[in-house]
Amino acid sequence: MSADLQWMILRNNSSLLVKRKAVRSFSREPNNLKGLNSFRFNGLVHRKTVAVEPKTDGKGVVLVLRNSKSTRKPSKNYTRIELKRDARKTLSTIRKVIGEGNYRRDLKMAAVRRASAIIRSQKPVVVKKTRGKKKE
Amino acid sequence: MACRPLVSVYSEKGEATGTSVKMPAVFQAPIRPDIVGSVHMDMMKNGRQPYAVSAKAGHQTSAESWGTGRAVARIPRVSGGGTNRSGQGAFGNMCRHGRMFAPTKTWRRWHRRINVNQRRYAICSAIAATGIPALVMAKGHCIEEVPEIPLVLTDKVQTLTKTKEAVGVLRKLKLWREIEKVKSTRRFRAGKGKMRNRRRIQRRGPVVIYNQDNGICRAFRNIPGVTLINVDRLNLLKIAPGGHVGRLCIWTESAFKKLDSIYGTWKKASEQKTDYNLPMPKMTNCDLSRLLRSDEIQKALRPPKKQVTRRVLKRNPLKNLSVLAKLNPYAVVEKKLAKLVEKQQKKKRQELQDAKRGLATVDAAASGGKSRPRKPVTKGPPAKEKKEKKEKKEKK
């Protein structure tokens with residue numbers, strides 16, 4: 001069944017839907033890059049999805065792509081690419097895989113931003129020293 | 001209609017056996033959550049037991065209105081005396097111990113009949129929806145590690161007798177997380193149902209659909225969340241609980257194969273239902289992106305306009321020379337001319353003035369555009385004053 005049909009069924013009716021007082025409704029499914037409830041970002045409905053998750057050990061990022069050939073086999077559905085090296089290489093890998101690999105190019109910037117946000121959160125928090133007041 | 005793929009059959013150990021079955025045509029039936037929802041609602045009504053208030057309630061008094069002139073409301077009042085009840089209002093819905101407004105009757109229309117074709121449409125939609133992983137996941141089932149959807153097991157599962165074996169099967173198929181989810185949602189019902197024998201509630205788990213019960217029912221029935229149905233008696237209330245499509249279904253091989261004969265394929269009518277064939281979808285191709293890329297549509301389109309026209313801020317030509325020049329190119333020339341004329345006039349005027357005052361006219365161009373220094377003919381005090389000023393500055 002086409003992605004459009006599935007979207008028409010799921011757009012308003014899903015256990016993963018989050019409708020709160022916010023202007024936009026969100027969605028909790030695992031392969032949604034922005035968590036938005038929208039056709040473009042939905043993680044269940046498309047044959048090709050992109051997801052960026054933090055690695056379980058807290059260092060690095062995992063790029064999850066969907067195998068468009070085994071959409072009916074959930075256990076084989078996703079290839080996970082672990083990106084452990086520095087941020088610049090991680091982001092350029094993501095850009096290449098999606099952009100030049102022609103895999104959901106409309107999600108490229110969203111994936112890059114998500115990866116950079118995750119990497120940023122994994123850096124140790126630097127406490128800024130507050131300056132003492134200047135005495136006049 | 002869509003092509004029907006092959007579905008692999010899995011053993012009770014969770015491994016793919018070599019065999020595969022062609023997907024029954026039901027799984028390509030149109031999915032209509034609206035039909036499923038309304039049929040489900042009507043079907044749920046059919047299980048109700050009537051409730052009503054006693055027919056005599058509120059009327060077992062011989063109350064009569066006291067009429068006017070007694071400084072009381074005209075509501076019928078209980079006759080007689082010697083008790084608190086006497087003189088109290090009776091019969092009305094506003095009275096204490098009166099009958100309620102519109103007393104509920106047992107002959108309310110509790111059940112609904114649903115057209116046979118609608119019932120069948122709903123079931124076909126519901127079965128089709130169980131074959132789409134997105135819909136099953138959206139319903140909330142944990143199927144991330146399940147080998148395939150729709151999940152078909154060998155007929156050996158039908159001969160299982162022990163719950164322990166059944167649990168083992170579910171574990172091997174990575175469905176145990178689903179069962180654990182059911183267990184974790186066990187809670188008490190909110191409301192009066194608690195004291196009406198409906199105390200505990202839990203989520204729905206997978207439904208196991210078999211062809212022949214050789215022990216499978218007894219093996220699976222005690223596992224929380226699991227429902228068991230025979231293929232010949234598929235129930236919409238079990239396949240689309242809550243009126244929502246996409247429950248997780250586990251089929252046995254023979255049950256799966258039987259679906260074609262029960263519901264038919266579009267090429268062949270159903271064998272078990274007289275005169276029935278699968279519902280026809282409204283669109284043969286629902287894939288919007290495919291449609292848009294197709295030749296027929298692309299031929300009818302004009303090329304895309306990639307040029308982005310943005311709002312241009314209007315600048316006032318009366319104030320802005322370049323804008324004025326765009327509208328009226330001669331305006332630049334006019335202005336230059338005007339400037340030139342102004343210069344000439346000024347020069348003339350200056351000459352006249354200087355002639356009157358007896359001064360030598362300094363050419364504005366020669367003095368570097370400064371028209372101020374109009375030196376008097378005689379030298380004198382100003383130079384001395386300048387020297388004195390300089391000396392004063394040096395002293396400081």
# chains A, B, ... in the order shown; residues from 1 in each chain; ligands from 1
$ closest_atom_pairs --of "segment 103-203 of chain B" --to "segment 37-58 of chain A" --cutoff "8 Å" --atoms "only C-alpha atoms" --output "JSON lines"
{"residue": "B:Pro133", "atom": "CA", "partner": "A:Leu44", "partner_atom": "CA", "distance": 7.9}
{"residue": "B:Ala134", "atom": "CA", "partner": "A:Leu44", "partner_atom": "CA", "distance": 4.9}
{"residue": "B:Met137", "atom": "CA", "partner": "A:Leu44", "partner_atom": "CA", "distance": 7.9}
$ select_by_dssp --residues "segment 14-231 of chain B" --states "helix (DSSP H, G or I)" --output "VMD selection string"
chain B and resid 25 to 28 33 to 45 116 to 130 133 to 139 155 to 159 163 to 172 176 to 184 192 to 196 216 to 220 231
$ closest_atom_pairs --of "segment 234-318 of chain B" --to "segment 105-124 of chain B" --cutoff "9 Å" --atoms "only C-alpha atoms" --output "CSV"
residue,atom,partner,partner_atom,distance
B:Leu234,CA,B:Ile123,CA,7.9
B:Asn235,CA,B:Ile123,CA,7.6
B:Leu236,CA,B:Ile123,CA,5.7
B:Ile239,CA,B:Ile123,CA,7.9
B:Ala240,CA,B:Ile123,CA,8.5
B:Tyr263,CA,B:Cys124,CA,7.8
B:Tyr276,CA,B:Asn117,CA,8.5
B:Leu278,CA,B:Cys124,CA,7.6
B:Pro279,CA,B:Tyr121,CA,6.4
$ write_last_selection --atoms "C-alpha atoms" --output "PDB file, in the first residue's frame"
ATOM      1  CA  LEU B 234     -13.009 -14.199  11.930  1.00  0.00           C
ATOM      2  CA  ASN B 235     -14.413 -11.468  14.108  1.00  0.00           C
ATOM      3  CA  LEU B 236     -14.028  -7.771  13.386  1.00  0.00           C
ATOM      4  CA  ILE B 239      -9.145  -8.040  14.363  1.00  0.00           C
ATOM      5  CA  ALA B 240      -9.820  -4.329  14.756  1.00  0.00           C
ATOM      6  CA  TYR B 263     -12.907 -14.051   0.631  1.00  0.00           C
ATOM      7  CA  TYR B 276     -19.154 -12.639  -2.875  1.00  0.00           C
ATOM      8  CA  LEU B 278     -13.518  -8.728  -2.711  1.00  0.00           C
ATOM      9  CA  PRO B 279     -14.406  -5.028  -2.659  1.00  0.00           C
TER      10      PRO B 279
END
$ residues_around --residues "Arg199 of chain B" --least-positions-apart "3" --cutoff "10 Å" --atoms "only C-alpha atoms" --output "count of residues only"
10
$ atom_distance --atom1 "atom CA of Ile132 of chain B" --atom2 "atom CA of Val7 of chain B"
12.7 Å
$ interface_residues --of "chain A" --to "chain B" --cutoff "8 Å" --atoms "only C-alpha atoms" --output "MDAnalysis selection string"
chainID A and resid 1:6 9:10 14:16 44:45 71:76
$ write_last_selection --atoms "C-alpha atoms" --output "PDB file, in the first residue's frame"
ATOM      1  CA  MET A   1       0.000   0.000   0.000  1.00  0.00           C
ATOM      2  CA  SER A   2       1.368   3.333  -0.963  1.00  0.00           C
ATOM      3  CA  ALA A   3       2.863   5.753   1.471  1.00  0.00           C
ATOM      4  CA  ASP A   4       0.144   8.273   0.708  1.00  0.00           C
ATOM      5  CA  LEU A   5      -2.620   5.830   1.594  1.00  0.00           C
ATOM      6  CA  GLN A   6      -0.950   4.845   4.818  1.00  0.00           C
ATOM      7  CA  ILE A   9      -4.939   6.480   7.683  1.00  0.00           C
ATOM      8  CA  LEU A  10      -2.290   7.416  10.208  1.00  0.00           C
ATOM      9  CA  SER A  14      -2.107   6.564  15.769  1.00  0.00           C
ATOM     10  CA  SER A  15      -0.841   5.487  19.154  1.00  0.00           C
ATOM     11  CA  LEU A  16       2.315   7.463  18.424  1.00  0.00           C
ATOM     12  CA  LEU A  44       6.594   4.438   9.311  1.00  0.00           C
ATOM     13  CA  VAL A  45       5.010   5.197   6.051  1.00  0.00           C
ATOM     14  CA  THR A  71       9.740  -3.068   4.313  1.00  0.00           C
ATOM     15  CA  ARG A  72       7.600  -6.029   5.301  1.00  0.00           C
ATOM     16  CA  LYS A  73      10.344  -7.611   7.379  1.00  0.00           C
ATOM     17  CA  PRO A  74      10.805  -5.455  10.450  1.00  0.00           C
ATOM     18  CA  SER A  75      13.840  -7.349  11.708  1.00  0.00           C
ATOM     19  CA  LYS A  76      15.800  -6.653   8.534  1.00  0.00           C
TER      20      LYS A  76
END
$ atom_distance --atom1 "atom CA of Asn211 of chain B" --atom2 "atom CA of Ser254 of chain B"
6.0 Å
$ residues_around --residues "Arg120 of chain A" --least-positions-apart "5" --cutoff "12 Å" --atoms "only C-alpha atoms" --output "PyMOL selection string"
chain A and resi 54+58-61+86-88+113-115+125-126
$ closest_residue --among "B:Ala73, B:Thr154, B:Lys45, B:Tyr210" --to "Arg233 of chain B" --atoms "only C-alpha atoms"
B:Tyr210
$ residues_around --residues "segment 91-101 of chain B" --least-positions-apart "3" --cutoff "12 Å" --atoms "only C-alpha atoms" --output "PyMOL selection string"
chain B and resi 52-65+73-78+85+87-88+104-105
$ select_by_dssp --residues "chain A" --states "strand (DSSP E)" --output "count of residues only"
21
$ atom_distance --atom1 "atom CA of Trp266 of chain B" --atom2 "atom CA of Val21 of chain B"
17.8 Å
$ residues_around --residues "Thr159 of chain B" --least-positions-apart "6" --cutoff "7 Å" --atoms "only C-alpha atoms" --output "list in words"
Asn214, Gly215 and Ile216 of chain B
